[in-house]
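*Asks:* If you scroll down you'll find the structure; I have some questions about it.
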Amino acid sequence: MKSERTATFAALSVPAFRALWLSGVFSFMSIQMQFLLRGWLAWELTESESALGIVMFTFGVTLLVSTPLGGVAADRLPKRPLLLVGQLILLLTAVGMGTALATGVVAFWMLGLSSSLQGLMFGLIGPARISMTSDLVGRDRMGNAITLSSLSLSGSRVFAPSIAGLLAGWALVGLAGTYFVSSALATLSLLLLFPLPRSAGGGDDGALAPTARPNPLVEIRQGVRYAMARRKLRRTILVSLIVMMFGFNYVAFMPAFVEGEFDLGVLHVGLISSVGALGAVAAAVLLASRADGPHAGVLLVAFGFGFGATVVVLAVMPSFWLAAVVSLGVGAASTGFMSLTQTLAMRASDDEHQGRVQSLVQLPFAGFAMVAWPLGGLAEAINVRTALAIMGILVIVAMAVFVVTDE
């Protein structure tokens, strides 16, 4: 039987993966800062939960369109150039928003545009990043590497939102200066991508001539058929879709929850995000040595139910500090669930289809962003607490169906 445990940081012993991982750390920090700033700006400009949802919706639309194409690109094209182009556009987006704020011309439509560009780049480079991870470390350490990648995302959420909130609230820096700090982090991420190997599996060897390649839409259909024909892979993708579409939307409503329910400002929005990220880091460290073990499926179920339950509890917390404590559990459970769905999907797919399978696993991110708009309308019609509770209940129901339909 396969060993239950591996060294927690085993994959980081591979120099190329270490560079990719560090690039991810800086990129995720930059992006997390922009998520908070964009949400806060949307609330300040409109004071509307629907506006928060609209900004997330624009992210989701472009992510939905680009993710399947990103999966095809990861399977047929060199991955390093994909990552370089995507990271460059993310950098330019941050610079553009900082410039708009510094010159006093910022408008709500700009938030939608920057959100759309981020969604487009996420979709194009996300499958390539995960697929390249597998290429660099091999299948034996794939779960460890993916979990460590989740750790980089979670770790960035510990510091980035609080730093963004602190800098944005400091008159000497302000919102514009904070966007430029985010730009500097995006630049570091870009520089770390240059030493990566150009040839790292997949389509990087150029063995298949462009004229021999099928139409990208044909490849997308082939990837969907491949995933849907494999029961374990199909169930993992479908439960991920439901859980992430509804449960992960709690992040979109934190500005409205913190200011609307507790009458607190941007610093506290960053603080509760960072506290939740501490829980995510703890879960990632725990899973790093276990994600490649035989009980990953059991852990997936546990984290899924825990995620739904903690979102429900978060919705009823009477004070900010109690909500912050509960957010530890929300962060841990959501990260555990997300890491394990990616790991199990990669484990169940062959090398030829990994990029397209990962695009399907990441499509729920588009789903949750697109559902944010109607959920924002629901939050306005009822209240943000009830909307959060409904999200958590839907996650629990999805996990229950997942369990009872197992063979």
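Order determines the names: the first chain of the structure tokens is A, the second B, and so forth; residues in each chain are numbered 1 upward, and ligands are numbered 1 upward as they are shown.
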Just the residues within 12 Å of Ala379 of chain A, please, counting only C-alpha atoms, with nothing from its chain fewer than 5 positions along; format it as a PDB file with C-alpha atoms, in the first residue's frame.
*Replies:*
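This went into around.pdb:
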```
ATOM      1  CA  SER A  48     -24.376  48.095  -2.944  1.00  0.00           C
ATOM      2  CA  GLU A  49     -24.032  44.345  -2.453  1.00  0.00           C
ATOM      3  CA  SER A  50     -25.094  43.970  -6.076  1.00  0.00           C
ATOM      4  CA  ALA A  51     -22.102  46.055  -7.163  1.00  0.00           C
ATOM      5  CA  LEU A  52     -19.802  43.647  -5.316  1.00  0.00           C
ATOM      6  CA  GLY A  53     -21.504  40.822  -7.163  1.00  0.00           C
ATOM      7  CA  ASN A 249     -18.892  33.351  -2.584  1.00  0.00           C
ATOM      8  CA  TYR A 250     -18.555  34.196   1.101  1.00  0.00           C
ATOM      9  CA  ALA A 252     -17.217  38.452  -2.150  1.00  0.00           C
ATOM     10  CA  PHE A 253     -19.461  39.703   0.639  1.00  0.00           C
ATOM     11  CA  MET A 254     -16.889  40.327   3.375  1.00  0.00           C
ATOM     12  CA  ALA A 256     -20.630  44.290   3.119  1.00  0.00           C
ATOM     13  CA  PHE A 257     -20.600  41.872   6.075  1.00  0.00           C
ATOM     14  CA  GLY A 260     -22.827  46.620   7.112  1.00  0.00           C
ATOM     15  CA  ALA A 315     -23.392  34.013   9.273  1.00  0.00           C
ATOM     16  CA  ALA A 372     -21.989  36.354  -7.080  1.00  0.00           C
ATOM     17  CA  TRP A 373     -24.246  38.824  -8.926  1.00  0.00           C
ATOM     18  CA  PRO A 374     -27.566  37.075  -8.236  1.00  0.00           C
ATOM     19  CA  VAL A 384     -26.092  39.417   3.983  1.00  0.00           C
ATOM     20  CA  ARG A 385     -26.289  37.084   7.014  1.00  0.00           C
ATOM     21  CA  THR A 386     -29.137  35.050   5.548  1.00  0.00           C
ATOM     22  CA  ALA A 387     -27.395  34.901   2.179  1.00  0.00           C
ATOM     23  CA  LEU A 388     -24.244  33.510   3.827  1.00  0.00           C
ATOM     24  CA  ALA A 389     -26.277  30.904   5.710  1.00  0.00           C
ATOM     25  CA  ILE A 390     -27.951  29.765   2.473  1.00  0.00           C
ATOM     26  CA  MET A 391     -24.524  29.390   0.839  1.00  0.00           C
TER      27      MET A 391
END
```
*Asks:* Pick out the closest residue to Thr310 of chain A from this set: A:Leu278, A:Ala332, A:Met132, A:Met245. Count only C-alpha atoms.
*Replies:*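 Counting only C-alpha atoms, the residue closest to Thr310 of chain A is A:Ala332.
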*Asks:* Taking 3 positions as the minimum chain separation for residues in the same chain, which residues sit within 9 Å of segment 398-403 of chain A when counting only C-alpha atoms? Answer as a list in words.
*Replies:*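 Final neighbour list, sorted by chain and number: Arg235, Thr236, Leu238, Val239, Ile242, Val243, Val301, Gly304, Phe305, Gly308, Ile393, Leu394, Val395, Asp406 and Glu407 of chain A.
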*Asks:* In Å to one decimal, how far is atom CA of Ala11 of chain A from atom CA of Leu83 of chain A?
*Replies:*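 These two atoms are separated by 19.9 Å.
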*Asks:* Compare A:Ala42, A:Val361, A:Leu286, A:Leu185 by their minimum atom-to-atom distance to Ser240 of chain A, counting only C-alpha atoms, and give me the closest one.
*Replies:*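 Among A:Ala42, A:Val361, A:Leu286, A:Leu185, it is A:Val361 that comes nearest to Ser240 of chain A.
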*Asks:* What separation in Å, quoted to one decimal, exists between atom CA of Phe320 of chain A and atom CA of Ser274 of chain A?
*Replies:*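 According to the coordinates, atom CA of Phe320 of chain A and atom CA of Ser274 of chain A are separated by 13.5 Å.
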*Asks:* Could you tell me which of A:Phe35, A:Phe337, A:Trp43, A:Phe303 comes closest to Met244 of chain A if we count only C-alpha atoms?
*Replies:*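 Of A:Phe35, A:Phe337, A:Trp43, A:Phe303, the one nearest Met244 of chain A is A:Phe337, counting only C-alpha atoms.
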*Asks:* Using only C-alpha atoms, which residues sit within 12 Å of Gly174 of chain A once same-chain residues fewer than 3 positions away are excluded, as number ranges by chain?
*Replies:* A: 37, 41, 98, 101-102, 163-171, 177-181, 266
*Asks:* Export, as a PDB file, in the first residue's frame, the selected residues with N, CA and C atoms.
*Replies:*
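Okay, again.pdb is ready:
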```
ATOM      1  N   LEU A  37      -8.822  45.555  -2.497  1.00  0.00           N
ATOM      2  CA  LEU A  37      -8.959  46.941  -2.938  1.00  0.00           C
ATOM      3  C   LEU A  37     -10.142  47.113  -3.882  1.00  0.00           C
ATOM      4  N   LEU A  41     -13.336  49.393  -3.110  1.00  0.00           N
ATOM      5  CA  LEU A  41     -13.678  50.485  -4.019  1.00  0.00           C
ATOM      6  C   LEU A  41     -15.112  50.351  -4.540  1.00  0.00           C
ATOM      7  N   GLY A  98      -3.688  51.604 -10.423  1.00  0.00           N
ATOM      8  CA  GLY A  98      -2.966  52.551  -9.572  1.00  0.00           C
ATOM      9  C   GLY A  98      -2.871  53.916 -10.228  1.00  0.00           C
ATOM     10  N   LEU A 101      -6.271  55.764 -10.077  1.00  0.00           N
ATOM     11  CA  LEU A 101      -6.519  56.325  -8.747  1.00  0.00           C
ATOM     12  C   LEU A 101      -5.630  57.534  -8.487  1.00  0.00           C
ATOM     13  N   ALA A 102      -4.370  57.432  -8.880  1.00  0.00           N
ATOM     14  CA  ALA A 102      -3.437  58.534  -8.631  1.00  0.00           C
ATOM     15  C   ALA A 102      -3.836  59.798  -9.382  1.00  0.00           C
ATOM     16  N   ILE A 163      -2.053  43.897   4.856  1.00  0.00           N
ATOM     17  CA  ILE A 163      -1.126  44.904   4.334  1.00  0.00           C
ATOM     18  C   ILE A 163      -1.869  45.891   3.437  1.00  0.00           C
ATOM     19  N   ALA A 164      -2.740  45.353   2.572  1.00  0.00           N
ATOM     20  CA  ALA A 164      -3.506  46.227   1.683  1.00  0.00           C
ATOM     21  C   ALA A 164      -4.406  47.169   2.483  1.00  0.00           C
ATOM     22  N   GLY A 165      -5.094  46.621   3.495  1.00  0.00           N
ATOM     23  CA  GLY A 165      -5.961  47.464   4.314  1.00  0.00           C
ATOM     24  C   GLY A 165      -5.186  48.522   5.062  1.00  0.00           C
ATOM     25  N   LEU A 166      -4.021  48.135   5.619  1.00  0.00           N
ATOM     26  CA  LEU A 166      -3.197  49.091   6.368  1.00  0.00           C
ATOM     27  C   LEU A 166      -2.672  50.194   5.454  1.00  0.00           C
ATOM     28  N   LEU A 167      -2.128  49.806   4.297  1.00  0.00           N
ATOM     29  CA  LEU A 167      -1.573  50.801   3.381  1.00  0.00           C
ATOM     30  C   LEU A 167      -2.653  51.699   2.793  1.00  0.00           C
ATOM     31  N   ALA A 168      -3.806  51.091   2.441  1.00  0.00           N
ATOM     32  CA  ALA A 168      -4.891  51.884   1.857  1.00  0.00           C
ATOM     33  C   ALA A 168      -5.433  52.908   2.845  1.00  0.00           C
ATOM     34  N   GLY A 169      -5.424  52.552   4.146  1.00  0.00           N
ATOM     35  CA  GLY A 169      -5.916  53.477   5.166  1.00  0.00           C
ATOM     36  C   GLY A 169      -4.888  54.488   5.622  1.00  0.00           C
ATOM     37  N   TRP A 170      -3.661  54.361   5.145  1.00  0.00           N
ATOM     38  CA  TRP A 170      -2.573  55.287   5.509  1.00  0.00           C
ATOM     39  C   TRP A 170      -2.518  56.386   4.459  1.00  0.00           C
ATOM     40  N   ALA A 171      -2.724  57.618   4.888  1.00  0.00           N
ATOM     41  CA  ALA A 171      -2.840  58.732   3.951  1.00  0.00           C
ATOM     42  C   ALA A 171      -1.606  58.895   3.074  1.00  0.00           C
ATOM     43  N   GLY A 177      -1.251  54.139  -4.017  1.00  0.00           N
ATOM     44  CA  GLY A 177       0.046  53.612  -3.622  1.00  0.00           C
ATOM     45  C   GLY A 177      -0.001  52.125  -3.344  1.00  0.00           C
ATOM     46  N   THR A 178      -1.116  51.664  -2.796  1.00  0.00           N
ATOM     47  CA  THR A 178      -1.257  50.235  -2.510  1.00  0.00           C
ATOM     48  C   THR A 178      -1.316  49.434  -3.803  1.00  0.00           C
ATOM     49  N   TYR A 179      -1.974  49.962  -4.819  1.00  0.00           N
ATOM     50  CA  TYR A 179      -1.970  49.296  -6.122  1.00  0.00           C
ATOM     51  C   TYR A 179      -0.552  49.220  -6.697  1.00  0.00           C
ATOM     52  N   PHE A 180       0.258  50.246  -6.478  1.00  0.00           N
ATOM     53  CA  PHE A 180       1.628  50.214  -6.985  1.00  0.00           C
ATOM     54  C   PHE A 180       2.485  49.213  -6.209  1.00  0.00           C
ATOM     55  N   VAL A 181       2.211  49.057  -4.916  1.00  0.00           N
ATOM     56  CA  VAL A 181       2.887  48.000  -4.153  1.00  0.00           C
ATOM     57  C   VAL A 181       2.511  46.636  -4.731  1.00  0.00           C
ATOM     58  N   VAL A 266     -12.039  49.254   6.151  1.00  0.00           N
ATOM     59  CA  VAL A 266     -11.242  48.424   5.271  1.00  0.00           C
ATOM     60  C   VAL A 266     -10.168  47.646   6.019  1.00  0.00           C
TER      61      VAL A 266
END
```
*Asks:* Please identify all polymer residues within 8 Å of segment 105-118 of chain A, counting only C-alpha atoms, omitting same-chain residues fewer than 3 positions from it, and present them as a ChimeraX atom specification.
*Replies:* /A:38,42,45,54-56,58-63,89-90,93-94,97,100-102,121-122
*Asks:* Would you save the residues from that selection as a JSON list (two decimals), in the first residue's frame, using N, CA and C atoms?
*Replies:*
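Ended up saving to part_25.json:
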```
[["chain", "number", "residue", "atom", "x", "y", "z"],
["A", 38, "ARG", "N", -10.33, 46.16, -4.78],
["A", 38, "ARG", "CA", -11.43, 46.26, -5.75],
["A", 38, "ARG", "C", -12.77, 46.14, -5.04],
["A", 42, "ALA", "N", -15.51, 49.12, -4.87],
["A", 42, "ALA", "CA", -16.87, 48.89, -5.36],
["A", 42, "ALA", "C", -17.89, 49.28, -4.30],
["A", 45, "LEU", "N", -17.85, 53.20, -3.84],
["A", 45, "LEU", "CA", -18.44, 53.92, -4.97],
["A", 45, "LEU", "C", -19.95, 53.74, -5.05],
["A", 54, "ILE", "N", -21.46, 42.26, -9.12],
["A", 54, "ILE", "CA", -21.19, 42.57, -10.53],
["A", 54, "ILE", "C", -19.69, 42.49, -10.83],
["A", 55, "VAL", "N", -18.87, 43.02, -9.92],
["A", 55, "VAL", "CA", -17.42, 42.97, -10.10],
["A", 55, "VAL", "C", -16.95, 41.52, -10.16],
["A", 56, "MET", "N", -17.48, 40.67, -9.29],
["A", 56, "MET", "CA", -17.12, 39.26, -9.32],
["A", 56, "MET", "C", -17.68, 38.58, -10.57],
["A", 58, "THR", "N", -18.08, 39.85, -13.59],
["A", 58, "THR", "CA", -17.23, 40.12, -14.75],
["A", 58, "THR", "C", -15.98, 39.24, -14.73],
["A", 59, "PHE", "N", -15.45, 39.01, -13.53],
["A", 59, "PHE", "CA", -14.32, 38.09, -13.38],
["A", 59, "PHE", "C", -14.73, 36.69, -13.84],
["A", 60, "GLY", "N", -15.93, 36.27, -13.43],
["A", 60, "GLY", "CA", -16.39, 34.92, -13.75],
["A", 60, "GLY", "C", -16.66, 34.69, -15.21],
["A", 61, "VAL", "N", -17.21, 35.70, -15.90],
["A", 61, "VAL", "CA", -17.53, 35.54, -17.32],
["A", 61, "VAL", "C", -16.27, 35.28, -18.13],
["A", 62, "THR", "N", -15.25, 36.11, -17.92],
["A", 62, "THR", "CA", -14.01, 35.92, -18.68],
["A", 62, "THR", "C", -13.29, 34.64, -18.25],
["A", 63, "LEU", "N", -13.39, 34.29, -16.98],
["A", 63, "LEU", "CA", -12.78, 33.05, -16.51],
["A", 63, "LEU", "C", -13.45, 31.84, -17.14],
["A", 89, "ILE", "N", 0.36, 40.64, -18.11],
["A", 89, "ILE", "CA", -0.93, 41.35, -18.21],
["A", 89, "ILE", "C", -1.49, 41.62, -16.81],
["A", 90, "LEU", "N", -1.33, 40.68, -15.88],
["A", 90, "LEU", "CA", -1.75, 40.94, -14.49],
["A", 90, "LEU", "C", -0.99, 42.12, -13.91],
["A", 93, "THR", "N", -2.35, 45.36, -15.41],
["A", 93, "THR", "CA", -3.66, 45.68, -14.85],
["A", 93, "THR", "C", -3.53, 46.43, -13.53],
["A", 94, "ALA", "N", -2.62, 45.97, -12.67],
["A", 94, "ALA", "CA", -2.40, 46.64, -11.39],
["A", 94, "ALA", "C", -1.85, 48.05, -11.59],
["A", 97, "MET", "N", -4.74, 50.40, -12.72],
["A", 97, "MET", "CA", -5.64, 50.84, -11.66],
["A", 97, "MET", "C", -4.95, 51.83, -10.73],
["A", 100, "ALA", "N", -4.98, 55.18, -12.49],
["A", 100, "ALA", "CA", -6.32, 55.79, -12.50],
["A", 100, "ALA", "C", -6.64, 56.42, -11.16],
["A", 101, "LEU", "N", -6.27, 55.76, -10.08],
["A", 101, "LEU", "CA", -6.52, 56.32, -8.75],
["A", 101, "LEU", "C", -5.63, 57.53, -8.49],
["A", 102, "ALA", "N", -4.37, 57.43, -8.88],
["A", 102, "ALA", "CA", -3.44, 58.53, -8.63],
["A", 102, "ALA", "C", -3.84, 59.80, -9.38],
["A", 121, "MET", "N", -6.85, 36.09, -17.52],
["A", 121, "MET", "CA", -5.50, 35.55, -17.32],
["A", 121, "MET", "C", -5.51, 34.34, -16.39],
["A", 122, "PHE", "N", -6.37, 34.37, -15.37],
["A", 122, "PHE", "CA", -6.50, 33.20, -14.49],
["A", 122, "PHE", "C", -6.84, 31.96, -15.31]]
```
*Asks:* May I ask for the distance between atom CA of Val285 of chain A and atom CA of Phe9 of chain A, given in Å to one decimal place?
*Replies:*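 Straight-line distance from atom CA of Val285 of chain A to atom CA of Phe9 of chain A works out to 8.8 Å.
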*Asks:* Residues at most 12 Å from Ala333 of chain A, counting only C-alpha atoms, excluding those fewer than 5 positions away in the same chain, as a ChimeraX atom specification?
*Replies:* /A:154,243-244,247-248,276-284,286-287,299-311,326-328,338-340,392,395
*Asks:* Identify which of the residues A:Ser13, A:Asn215, A:Thr187, A:Gln362 lies closest to Leu92 of chain A, counting only C-alpha atoms when measuring atom-to-atom distances.
*Replies:*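 Among the listed residues, A:Thr187 lies closest to Leu92 of chain A.
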*Asks:* How would you write, as an NGL selection string, the set of residues in segment 197-288 of chain A that DSSP gives as alpha helix (DSSP H)?
*Replies:* :A and (216-228 or 231-247 or 254-256 or 262 or 266-288)
*Asks:* Please identify all polymer residues within 9 Å of Leu20 of chain A, counting only C-alpha atoms, omitting same-chain residues fewer than 2 positions from it, and present them as a short mmCIF file (atom, residue, chain, number, x, y, z; two decimals) with C-alpha atoms, in the first residue's frame.
*Replies:*
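Output contents, as saved in out_1.cif:
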```
data_model
loop_
_atom_site.label_atom_id
_atom_site.label_comp_id
_atom_site.auth_asym_id
_atom_site.auth_seq_id
_atom_site.Cartn_x
_atom_site.Cartn_y
_atom_site.Cartn_z
CA PRO A 15 14.72 23.86 -7.91
CA ALA A 16 12.41 24.58 -10.86
CA PHE A 17 9.29 23.93 -8.78
CA ARG A 18 10.72 26.13 -6.03
CA LEU A 22 7.92 31.52 -5.18
CA SER A 23 6.52 33.17 -8.30
CA GLY A 24 3.10 32.01 -7.19
CA VAL A 25 3.63 33.48 -3.71
CA ARG A 129 0.60 26.31 -13.69
CA MET A 132 3.62 22.33 -15.10
CA THR A 133 3.72 21.48 -11.40
CA SER A 189 6.54 37.08 -9.78
CA LEU A 192 10.96 34.41 -11.19
CA LEU A 193 9.29 32.77 -14.20
CA LEU A 196 11.85 27.97 -15.62
#
```
*Asks:* Just checking: using only C-alpha atoms, which residue out of A:Ser149, A:Met29, A:Leu77, A:Thr341 ends up closest to Arg198 of chain A?
*Replies:*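 Residue with the minimum atom-to-atom distance to Arg198 of chain A: A:Leu77.
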